[in-house]
>>> print(open('protein19.pdb').read())   # PDB, C-alpha atoms
ATOM      1  CA  VAL K   1       1.102  -0.461  18.253  1.00  0.00           C
ATOM      2  CA  MET K   2       1.453  -4.168  17.688  1.00  0.00           C
ATOM      3  CA  ALA K   3       4.897  -5.683  17.169  1.00  0.00           C
ATOM      4  CA  ARG K   4       5.710  -6.647  13.582  1.00  0.00           C
ATOM      5  CA  GLU K   5       5.830 -10.395  14.286  1.00  0.00           C
ATOM      6  CA  GLN K   6       2.531 -10.344  16.157  1.00  0.00           C
ATOM      7  CA  ALA K   7       0.803  -8.392  13.385  1.00  0.00           C
ATOM      8  CA  ARG K   8       2.151 -10.715  10.680  1.00  0.00           C
ATOM      9  CA  ASP K   9       1.009 -13.744  12.689  1.00  0.00           C
ATOM     10  CA  LEU K  10      -2.470 -12.221  12.905  1.00  0.00           C
ATOM     11  CA  TRP K  11      -2.812 -12.392   9.101  1.00  0.00           C
ATOM     12  CA  GLN K  12      -0.525 -15.385   8.574  1.00  0.00           C
ATOM     13  CA  ILE K  13       1.990 -13.399   6.544  1.00  0.00           C
ATOM     14  CA  PRO K  14       5.041 -15.589   5.900  1.00  0.00           C
ATOM     15  CA  ASN K  15       8.438 -14.268   6.996  1.00  0.00           C
ATOM     16  CA  ASP K  16       9.841 -14.520   3.459  1.00  0.00           C
ATOM     17  CA  CYS K  17       6.976 -12.497   1.981  1.00  0.00           C
ATOM     18  CA  LEU K  18       7.301  -8.835   1.119  1.00  0.00           C
ATOM     19  CA  ALA K  19       3.878  -7.634   2.282  1.00  0.00           C
ATOM     20  CA  VAL K  20       2.282  -4.592   0.666  1.00  0.00           C
ATOM     21  CA  GLY K  21      -0.639  -3.180   2.625  1.00  0.00           C
ATOM     22  CA  VAL K  22      -3.439  -1.260   0.927  1.00  0.00           C
ATOM     23  CA  PRO K  23      -5.548   0.430   3.616  1.00  0.00           C
ATOM     24  CA  GLY K  24      -8.719   2.218   2.634  1.00  0.00           C
ATOM     25  CA  ARG K  25     -12.328   2.058   1.657  1.00  0.00           C
ATOM     26  CA  LEU K  26     -12.757   0.135  -1.605  1.00  0.00           C
ATOM     27  CA  THR K  27     -13.960   2.965  -3.853  1.00  0.00           C
ATOM     28  CA  TYR K  28     -12.985   4.575  -7.145  1.00  0.00           C
ATOM     29  CA  GLN K  29     -11.500   7.533  -5.246  1.00  0.00           C
ATOM     30  CA  LYS K  30      -8.899   5.321  -3.552  1.00  0.00           C
ATOM     31  CA  GLY K  31      -7.485   4.042  -6.862  1.00  0.00           C
ATOM     32  CA  GLN K  32      -7.255   0.339  -6.037  1.00  0.00           C
ATOM     33  CA  ASP K  33      -8.263  -0.537  -9.626  1.00  0.00           C
ATOM     34  CA  TRP K  34      -5.282   1.447 -10.872  1.00  0.00           C
ATOM     35  CA  LEU K  35      -3.066  -0.368  -8.362  1.00  0.00           C
ATOM     36  CA  LEU K  36      -4.263  -3.774  -9.599  1.00  0.00           C
ATOM     37  CA  LYS K  37      -3.375  -2.798 -13.165  1.00  0.00           C
ATOM     38  CA  ALA K  38       0.053  -1.633 -11.999  1.00  0.00           C
ATOM     39  CA  LEU K  39       0.669  -4.945 -10.215  1.00  0.00           C
ATOM     40  CA  THR K  40       0.353  -6.816 -13.519  1.00  0.00           C
ATOM     41  CA  ARG K  41       3.516  -5.028 -14.662  1.00  0.00           C
ATOM     42  CA  LEU K  42       5.572  -6.536 -11.814  1.00  0.00           C
ATOM     43  CA  ASP K  43       6.971 -10.034 -11.441  1.00  0.00           C
ATOM     44  CA  LEU K  44       5.263 -10.520  -8.076  1.00  0.00           C
ATOM     45  CA  ASN K  45       6.421 -14.112  -7.767  1.00  0.00           C
ATOM     46  CA  ARG K  46      10.098 -13.249  -8.297  1.00  0.00           C
ATOM     47  CA  LEU K  47       9.816 -10.269  -5.955  1.00  0.00           C
ATOM     48  CA  GLY K  48       8.066 -12.348  -3.288  1.00  0.00           C
ATOM     49  CA  VAL K  49       5.292  -9.746  -3.037  1.00  0.00           C
ATOM     50  CA  ARG K  50       1.826 -10.341  -1.606  1.00  0.00           C
ATOM     51  CA  VAL K  51      -0.741  -7.539  -1.448  1.00  0.00           C
ATOM     52  CA  TYR K  52      -3.147  -7.171   1.482  1.00  0.00           C
ATOM     53  CA  PHE K  53      -6.252  -5.052   0.912  1.00  0.00           C
ATOM     54  CA  CYS K  54      -7.621  -3.716   4.202  1.00  0.00           C
ATOM     55  CA  GLY K  55     -11.113  -2.353   3.832  1.00  0.00           C
ATOM     56  CA  THR K  56     -14.566  -2.782   2.397  1.00  0.00           C
ATOM     57  CA  GLY K  57     -16.692  -0.638   0.153  1.00  0.00           C
ATOM     58  CA  PRO K  58     -18.945  -0.395  -2.862  1.00  0.00           C
ATOM     59  CA  GLU K  59     -16.221  -1.465  -5.325  1.00  0.00           C
ATOM     60  CA  GLU K  60     -15.175  -4.601  -3.448  1.00  0.00           C
ATOM     61  CA  SER K  61     -16.851  -7.118  -5.788  1.00  0.00           C
ATOM     62  CA  ALA K  62     -15.627  -5.324  -8.897  1.00  0.00           C
ATOM     63  CA  LEU K  63     -12.080  -5.114  -7.529  1.00  0.00           C
ATOM     64  CA  ARG K  64     -12.054  -8.797  -6.632  1.00  0.00           C
ATOM     65  CA  ARG K  65     -13.261  -9.678 -10.141  1.00  0.00           C
ATOM     66  CA  LEU K  66     -10.662  -7.385 -11.697  1.00  0.00           C
ATOM     67  CA  GLY K  67      -7.881  -8.935  -9.628  1.00  0.00           C
ATOM     68  CA  GLU K  68      -8.922 -12.433 -10.684  1.00  0.00           C
ATOM     69  CA  SER K  69      -9.288 -11.457 -14.346  1.00  0.00           C
ATOM     70  CA  LEU K  70      -5.773  -9.974 -14.286  1.00  0.00           C
ATOM     71  CA  GLY K  71      -4.345 -13.213 -12.859  1.00  0.00           C
ATOM     72  CA  LEU K  72      -3.491 -11.644  -9.510  1.00  0.00           C
ATOM     73  CA  GLY K  73      -5.530 -14.010  -7.318  1.00  0.00           C
ATOM     74  CA  PRO K  74      -2.543 -15.898  -5.853  1.00  0.00           C
ATOM     75  CA  PHE K  75      -0.864 -12.633  -4.848  1.00  0.00           C
ATOM     76  CA  ILE K  76      -3.794 -10.867  -3.144  1.00  0.00           C
ATOM     77  CA  CYS K  77      -5.420 -11.268   0.237  1.00  0.00           C
ATOM     78  CA  TRP K  78      -8.663  -9.412   0.983  1.00  0.00           C
ATOM     79  CA  LEU K  79      -8.694  -8.769   4.741  1.00  0.00           C
ATOM     80  CA  GLY K  80     -11.966  -6.837   4.788  1.00  0.00           C
ATOM     81  CA  HIS K  81     -12.599  -4.303   7.527  1.00  0.00           C
ATOM     82  CA  VAL K  82      -9.719  -4.345  10.014  1.00  0.00           C
ATOM     83  CA  PRO K  83     -10.633  -2.758  13.353  1.00  0.00           C
ATOM     84  CA  ASN K  84      -7.774  -0.672  14.741  1.00  0.00           C
ATOM     85  CA  LEU K  85      -5.742  -1.108  11.562  1.00  0.00           C
ATOM     86  CA  ALA K  86      -3.262   1.562  12.667  1.00  0.00           C
ATOM     87  CA  ARG K  87      -2.113  -0.787  15.455  1.00  0.00           C
ATOM     88  CA  CYS K  88      -1.247  -3.504  12.905  1.00  0.00           C
ATOM     89  CA  LEU K  89       0.421  -1.559  10.083  1.00  0.00           C
ATOM     90  CA  ARG K  90       3.879  -2.829  11.032  1.00  0.00           C
ATOM     91  CA  ALA K  91       2.870  -6.170   9.517  1.00  0.00           C
ATOM     92  CA  PHE K  92       3.573  -4.577   6.139  1.00  0.00           C
ATOM     93  CA  ASP K  93       6.918  -3.908   4.508  1.00  0.00           C
ATOM     94  CA  LEU K  94       5.328  -1.003   2.680  1.00  0.00           C
ATOM     95  CA  VAL K  95       1.929   0.529   2.076  1.00  0.00           C
ATOM     96  CA  ALA K  96       0.463   1.597  -1.274  1.00  0.00           C
ATOM     97  CA  LEU K  97      -1.876   4.607  -1.306  1.00  0.00           C
ATOM     98  CA  PRO K  98      -2.926   5.177  -4.934  1.00  0.00           C
ATOM     99  CA  SER K  99      -5.731   7.674  -4.216  1.00  0.00           C
ATOM    100  CA  ARG K 100      -7.038   9.705  -7.138  1.00  0.00           C
ATOM    101  CA  TYR K 101      -8.086  12.506  -4.781  1.00  0.00           C
ATOM    102  CA  GLU K 102      -8.060  12.900  -1.045  1.00  0.00           C
ATOM    103  CA  GLY K 103      -8.363  15.343   1.794  1.00  0.00           C
ATOM    104  CA  LEU K 104      -5.795  14.971   4.549  1.00  0.00           C
ATOM    105  CA  SER K 105      -4.830  11.294   4.327  1.00  0.00           C
ATOM    106  CA  TYR K 106      -5.161   9.698   7.740  1.00  0.00           C
ATOM    107  CA  ALA K 107      -3.972   6.417   6.232  1.00  0.00           C
ATOM    108  CA  LEU K 108      -0.730   8.109   5.192  1.00  0.00           C
ATOM    109  CA  LEU K 109      -0.238   9.744   8.592  1.00  0.00           C
ATOM    110  CA  GLU K 110      -0.908   6.454  10.411  1.00  0.00           C
ATOM    111  CA  THR K 111       1.407   4.562   8.063  1.00  0.00           C
ATOM    112  CA  LEU K 112       4.302   6.974   8.470  1.00  0.00           C
ATOM    113  CA  SER K 113       3.874   7.296  12.232  1.00  0.00           C
ATOM    114  CA  SER K 114       4.029   3.486  12.430  1.00  0.00           C
ATOM    115  CA  GLY K 115       7.401   3.549  10.690  1.00  0.00           C
ATOM    116  CA  VAL K 116       6.135   1.888   7.515  1.00  0.00           C
ATOM    117  CA  PRO K 117       7.270   3.294   4.145  1.00  0.00           C
ATOM    118  CA  ALA K 118       4.639   4.220   1.576  1.00  0.00           C
ATOM    119  CA  VAL K 119       4.260   4.537  -2.178  1.00  0.00           C
ATOM    120  CA  VAL K 120       1.681   7.188  -2.993  1.00  0.00           C
ATOM    121  CA  SER K 121      -0.123   8.893  -5.831  1.00  0.00           C
ATOM    122  CA  ASP K 122       1.164  12.331  -6.689  1.00  0.00           C
ATOM    123  CA  ILE K 123      -1.733  14.323  -5.227  1.00  0.00           C
ATOM    124  CA  PRO K 124      -1.406  17.363  -2.937  1.00  0.00           C
ATOM    125  CA  ALA K 125      -2.917  15.575   0.083  1.00  0.00           C
ATOM    126  CA  HIS K 126      -0.005  13.126   0.154  1.00  0.00           C
ATOM    127  CA  PHE K 127       2.484  15.967   0.475  1.00  0.00           C
ATOM    128  CA  PRO K 128       1.274  18.188   3.324  1.00  0.00           C
ATOM    129  CA  HIS K 129       4.887  19.238   3.812  1.00  0.00           C
ATOM    130  CA  GLU K 130       7.653  19.559   1.223  1.00  0.00           C
ATOM    131  CA  ALA K 131       9.755  17.033   3.156  1.00  0.00           C
ATOM    132  CA  ALA K 132       7.242  14.344   2.214  1.00  0.00           C
ATOM    133  CA  ARG K 133       7.767  15.031  -1.504  1.00  0.00           C
ATOM    134  CA  SER K 134      11.496  14.354  -1.187  1.00  0.00           C
ATOM    135  CA  GLN K 135      10.960  11.155   0.812  1.00  0.00           C
ATOM    136  CA  LEU K 136       7.970   9.328  -0.646  1.00  0.00           C
ATOM    137  CA  PRO K 137       8.004   7.530  -3.994  1.00  0.00           C
ATOM    138  CA  ALA K 138       5.038   8.808  -6.001  1.00  0.00           C
ATOM    139  CA  ALA K 139       3.305   8.195  -9.308  1.00  0.00           C
ATOM    140  CA  PRO K 140       0.992  10.384 -11.377  1.00  0.00           C
ATOM    141  CA  VAL K 141      -2.665   9.380 -10.974  1.00  0.00           C
ATOM    142  CA  ASP K 142      -3.765   6.527 -13.248  1.00  0.00           C
ATOM    143  CA  ASP K 143      -0.253   5.941 -14.653  1.00  0.00           C
ATOM    144  CA  ALA K 144       0.019   2.192 -14.086  1.00  0.00           C
ATOM    145  CA  GLN K 145       3.605   1.944 -15.326  1.00  0.00           C
ATOM    146  CA  ALA K 146       4.805   4.778 -13.087  1.00  0.00           C
ATOM    147  CA  LEU K 147       3.086   3.200 -10.077  1.00  0.00           C
ATOM    148  CA  ALA K 148       4.612  -0.185 -10.908  1.00  0.00           C
ATOM    149  CA  ASN K 149       8.037   1.468 -11.197  1.00  0.00           C
ATOM    150  CA  ALA K 150       7.645   3.240  -7.836  1.00  0.00           C
ATOM    151  CA  ILE K 151       6.579   0.027  -6.107  1.00  0.00           C
ATOM    152  CA  SER K 152       9.351  -1.994  -7.750  1.00  0.00           C
ATOM    153  CA  ALA K 153      12.001   0.546  -6.794  1.00  0.00           C
ATOM    154  CA  LEU K 154      10.929   0.531  -3.147  1.00  0.00           C
ATOM    155  CA  VAL K 155      10.510  -3.252  -3.016  1.00  0.00           C
ATOM    156  CA  SER K 156      14.026  -3.680  -4.404  1.00  0.00           C
ATOM    157  CA  ASP K 157      15.689  -1.109  -2.144  1.00  0.00           C
ATOM    158  CA  GLY K 158      15.670  -2.194   1.487  1.00  0.00           C
ATOM    159  CA  ASP K 159      17.919   0.727   2.459  1.00  0.00           C
ATOM    160  CA  ARG K 160      15.439   3.257   1.085  1.00  0.00           C
ATOM    161  CA  ARG K 161      12.561   1.492   2.854  1.00  0.00           C
ATOM    162  CA  GLY K 162      14.580   1.727   6.061  1.00  0.00           C
ATOM    163  CA  LYS K 163      15.262   5.443   5.574  1.00  0.00           C
ATOM    164  CA  ILE K 164      11.592   6.213   4.953  1.00  0.00           C
ATOM    165  CA  ALA K 165      10.607   4.046   7.927  1.00  0.00           C
ATOM    166  CA  ALA K 166      13.003   5.998  10.175  1.00  0.00           C
ATOM    167  CA  TRP K 167      11.876   9.359   8.771  1.00  0.00           C
ATOM    168  CA  GLY K 168       8.130   8.711   8.990  1.00  0.00           C
ATOM    169  CA  PRO K 169       7.598   8.893  12.758  1.00  0.00           C
ATOM    170  CA  LYS K 170       9.522  12.196  12.871  1.00  0.00           C
ATOM    171  CA  PHE K 171       7.262  13.648  10.175  1.00  0.00           C
TER     172      PHE K 171
END
>>> encode(input="protein19.pdb", output="structure tokens")
Amino acid sequence: VMAREQARDLWQIPNDCLAVGVPGRLTYQKGQDWLLKALTRLDLNRLGVRVYFCGTGPEESALRRLGESLGLGPFICWLGHVPNLARCLRAFDLVALPSRYEGLSYALLETLSSGVPAVVSDIPAHFPHEAARSQLPAAPVDDAQALANAISALVSDGDRRGKIAAWGPKF
């Protein structure tokens, strides 16, 4: 696993930026459109948040257009396919996984084992063990305000991010 500073340098993430990673194939299933709508409900500039989409897929063009139309362009970086992404997850202060449906989420397992906190959709696959439900901030699928609230709460609470980061590798 790459050190945090090395991973952030790789993608030129500034030290004063709160980086939100979004790993996953760019498809309807993964809920990135819902995430973009949720981001419009946050003051990303005040929060110092930048969002890094890691992946490609059939919805990439539509998602890029949606992000631009929502005025999110300055806050989003599209990294495309990232080989060995699990090695670089520490670049992020948190990861957002807004999947509408999922089997066992490898992205969640890799994120937690890297010691990175996550905000997730409230689907069974994100809670393979009851301990995860008590630790991870979650939002009902397609509820943009609830997802914005969950992200905002975690962005604003460094102690909680630290607790989830410490818990994740033990999970």
>>> residues_around(input="protein19.pdb", residues="Val119 of chain K", least_positions_apart="4", cutoff="8 Å", atoms="all atoms listed in the file", output="PyMOL selection string")
chain K and resi 94-98+136-138+150-151+154
>>> residues_around(input="protein19.pdb", residues="Leu147 of chain K", least_positions_apart="2", cutoff="8 Å", atoms="only C-alpha atoms", output="JSON, numbers by chain")
{"K": [35, 38, 121, 138, 139, 140, 143, 144, 145, 149, 150, 151]}
>>> atom_distance(input="protein19.pdb", atom1="atom CA of Asp16 of chain K", atom2="atom CA of Arg65 of chain K")
27.2 Å
>>> closest_residue(input="protein19.pdb", among="K:Ser105, K:Ser134, K:Gln29, K:Gln12", to="Pro58 of chain K", atoms="only C-alpha atoms")
K:Gln29
>>> atom_distance(input="protein19.pdb", atom1="atom CA of Asn84 of chain K", atom2="atom CA of Asp157 of chain K")
28.9 Å
>>> atom_distance(input="protein19.pdb", atom1="atom CA of Ala153 of chain K", atom2="atom CA of Leu42 of chain K")
10.8 Å
>>> resolve_selection(input="protein19.pdb", expression="the PyMOL selection byres ((chain K and resi 54) around 7)", output="list in words")
Val22, Pro23, Gly24, Tyr52, Phe53, Gly55, Trp78, Leu79, Gly80, His81 and Val82 of chain K
>>> residues_around(input="protein19.pdb", residues="Gln32 of chain K", least_positions_apart="3", cutoff="8 Å", atoms="all atoms listed in the file", output="MDAnalysis selection string")
chainID K and resid 26:28 35:36 63 98:99
>>> residues_around(input="protein19.pdb", residues="Val116 of chain K", least_positions_apart="3", cutoff="9 Å", atoms="all atoms listed in the file", output="list in words")
Leu89, Arg90, Ala91, Phe92, Asp93, Leu94, Val95, Glu110, Thr111, Leu112, Ser113, Arg161, Gly162, Ile164, Ala165, Ala166, Gly168 and Pro169 of chain K
>>> resolve_selection(input="protein19.pdb", expression="the PyMOL selection byres ((chain K and resi 17) around 9)", output="list in words")
Ile13, Pro14, Asn15, Asp16, Leu18, Ala19, Leu47, Gly48, Val49, Arg50 and Asp93 of chain K
>>> residues_around(input="protein19.pdb", residues="Pro128 of chain K", least_positions_apart="5", cutoff="12 Å", atoms="all atoms listed in the file", output="PyMOL selection string")
chain K and resi 102-106+108-109+122-123+133-134+136+171
>>> closest_residue(input="protein19.pdb", among="K:Cys88, K:Cys77, K:Val141, K:Val51", to="Glu5 of chain K", atoms="all atoms listed in the file")
K:Cys88
>>> axis_aligned_box(input="protein19.pdb", around="segment 126-138 of chain K", padding_each_side="6 Å", output="JSON")
{"center_x": 5.7, "center_y": 13.5, "center_z": -1.1, "size_x": 23.5, "size_y": 24.0, "size_z": 21.8}
>>> residues_near_point(input="protein19.pdb", point="(0.3, -11.6, -11.6)", cutoff="6 Å", atoms="only C-alpha atoms", output="number ranges by chain")
K: 40, 71-72
>>> closest_residue(input="protein19.pdb", among="K:Asp33, K:Pro74, K:Ala132, K:Asn45", to="Ala62 of chain K", atoms="all atoms listed in the file")
K:Asp33
>>> build_atoms(input="protein19.pdb", residues="segment 138-156 of chain K", atoms="N, CA, C and O atoms", output="mmCIF file, in the coordinates of the input")
data_model
loop_
_atom_site.group_PDB
_atom_site.id
_atom_site.type_symbol
_atom_site.label_atom_id
_atom_site.label_comp_id
_atom_site.auth_asym_id
_atom_site.auth_seq_id
_atom_site.Cartn_x
_atom_site.Cartn_y
_atom_site.Cartn_z
ATOM 1 N N ALA K 138 6.376 8.447 -5.552
ATOM 2 C CA ALA K 138 5.038 8.808 -6.001
ATOM 3 C C ALA K 138 4.886 8.561 -7.495
ATOM 4 O O ALA K 138 5.864 8.533 -8.235
ATOM 5 N N ALA K 139 3.625 8.400 -7.901
ATOM 6 C CA ALA K 139 3.305 8.195 -9.308
ATOM 7 C C ALA K 139 2.127 9.080 -9.685
ATOM 8 O O ALA K 139 1.220 9.279 -8.882
ATOM 9 N N PRO K 140 2.143 9.615 -10.913
ATOM 10 C CA PRO K 140 0.992 10.384 -11.377
ATOM 11 C C PRO K 140 -0.271 9.512 -11.384
ATOM 12 O O PRO K 140 -0.211 8.316 -11.687
ATOM 13 N N VAL K 141 -1.394 10.095 -11.048
ATOM 14 C CA VAL K 141 -2.665 9.380 -10.974
ATOM 15 C C VAL K 141 -2.962 8.659 -12.295
ATOM 16 O O VAL K 141 -2.802 9.224 -13.377
ATOM 17 N N ASP K 142 -3.360 7.409 -12.152
ATOM 18 C CA ASP K 142 -3.765 6.527 -13.248
ATOM 19 C C ASP K 142 -2.641 6.129 -14.200
ATOM 20 O O ASP K 142 -2.900 5.557 -15.260
ATOM 21 N N ASP K 143 -1.393 6.385 -13.847
ATOM 22 C CA ASP K 143 -0.253 5.941 -14.653
ATOM 23 C C ASP K 143 0.239 4.616 -14.068
ATOM 24 O O ASP K 143 1.035 4.591 -13.127
ATOM 25 N N ALA K 144 -0.280 3.517 -14.627
ATOM 26 C CA ALA K 144 0.019 2.192 -14.086
ATOM 27 C C ALA K 144 1.504 1.863 -14.143
ATOM 28 O O ALA K 144 2.047 1.267 -13.210
ATOM 29 N N GLN K 145 2.177 2.254 -15.219
ATOM 30 C CA GLN K 145 3.605 1.944 -15.326
ATOM 31 C C GLN K 145 4.411 2.714 -14.288
ATOM 32 O O GLN K 145 5.317 2.170 -13.659
ATOM 33 N N ALA K 146 4.087 3.980 -14.086
ATOM 34 C CA ALA K 146 4.805 4.778 -13.087
ATOM 35 C C ALA K 146 4.584 4.222 -11.680
ATOM 36 O O ALA K 146 5.513 4.171 -10.870
ATOM 37 N N LEU K 147 3.360 3.782 -11.394
ATOM 38 C CA LEU K 147 3.086 3.200 -10.077
ATOM 39 C C LEU K 147 3.837 1.890 -9.913
ATOM 40 O O LEU K 147 4.441 1.636 -8.862
ATOM 41 N N ALA K 148 3.845 1.073 -10.955
ATOM 42 C CA ALA K 148 4.612 -0.185 -10.908
ATOM 43 C C ALA K 148 6.091 0.103 -10.681
ATOM 44 O O ALA K 148 6.752 -0.571 -9.876
ATOM 45 N N ASN K 149 6.627 1.106 -11.366
ATOM 46 C CA ASN K 149 8.037 1.468 -11.197
ATOM 47 C C ASN K 149 8.324 1.928 -9.774
ATOM 48 O O ASN K 149 9.357 1.563 -9.197
ATOM 49 N N ALA K 150 7.441 2.732 -9.199
ATOM 50 C CA ALA K 150 7.645 3.240 -7.836
ATOM 51 C C ALA K 150 7.606 2.095 -6.827
ATOM 52 O O ALA K 150 8.432 2.032 -5.903
ATOM 53 N N ILE K 151 6.664 1.178 -7.008
ATOM 54 C CA ILE K 151 6.579 0.027 -6.107
ATOM 55 C C ILE K 151 7.819 -0.846 -6.263
ATOM 56 O O ILE K 151 8.447 -1.238 -5.273
ATOM 57 N N SER K 152 8.192 -1.145 -7.498
ATOM 58 C CA SER K 152 9.351 -1.994 -7.750
ATOM 59 C C SER K 152 10.622 -1.405 -7.158
ATOM 60 O O SER K 152 11.427 -2.118 -6.549
ATOM 61 N N ALA K 153 10.797 -0.109 -7.327
ATOM 62 C CA ALA K 153 12.001 0.546 -6.794
ATOM 63 C C ALA K 153 12.062 0.423 -5.277
ATOM 64 O O ALA K 153 13.134 0.150 -4.713
ATOM 65 N N LEU K 154 10.926 0.601 -4.611
ATOM 66 C CA LEU K 154 10.929 0.531 -3.147
ATOM 67 C C LEU K 154 11.048 -0.913 -2.664
ATOM 68 O O LEU K 154 11.754 -1.190 -1.692
ATOM 69 N N VAL K 155 10.401 -1.835 -3.366
ATOM 70 C CA VAL K 155 10.510 -3.252 -3.016
ATOM 71 C C VAL K 155 11.967 -3.701 -3.121
ATOM 72 O O VAL K 155 12.463 -4.445 -2.273
ATOM 73 N N SER K 156 12.656 -3.236 -4.135
ATOM 74 C CA SER K 156 14.026 -3.680 -4.404
ATOM 75 C C SER K 156 15.086 -2.958 -3.583
ATOM 76 O O SER K 156 16.246 -3.343 -3.620
#
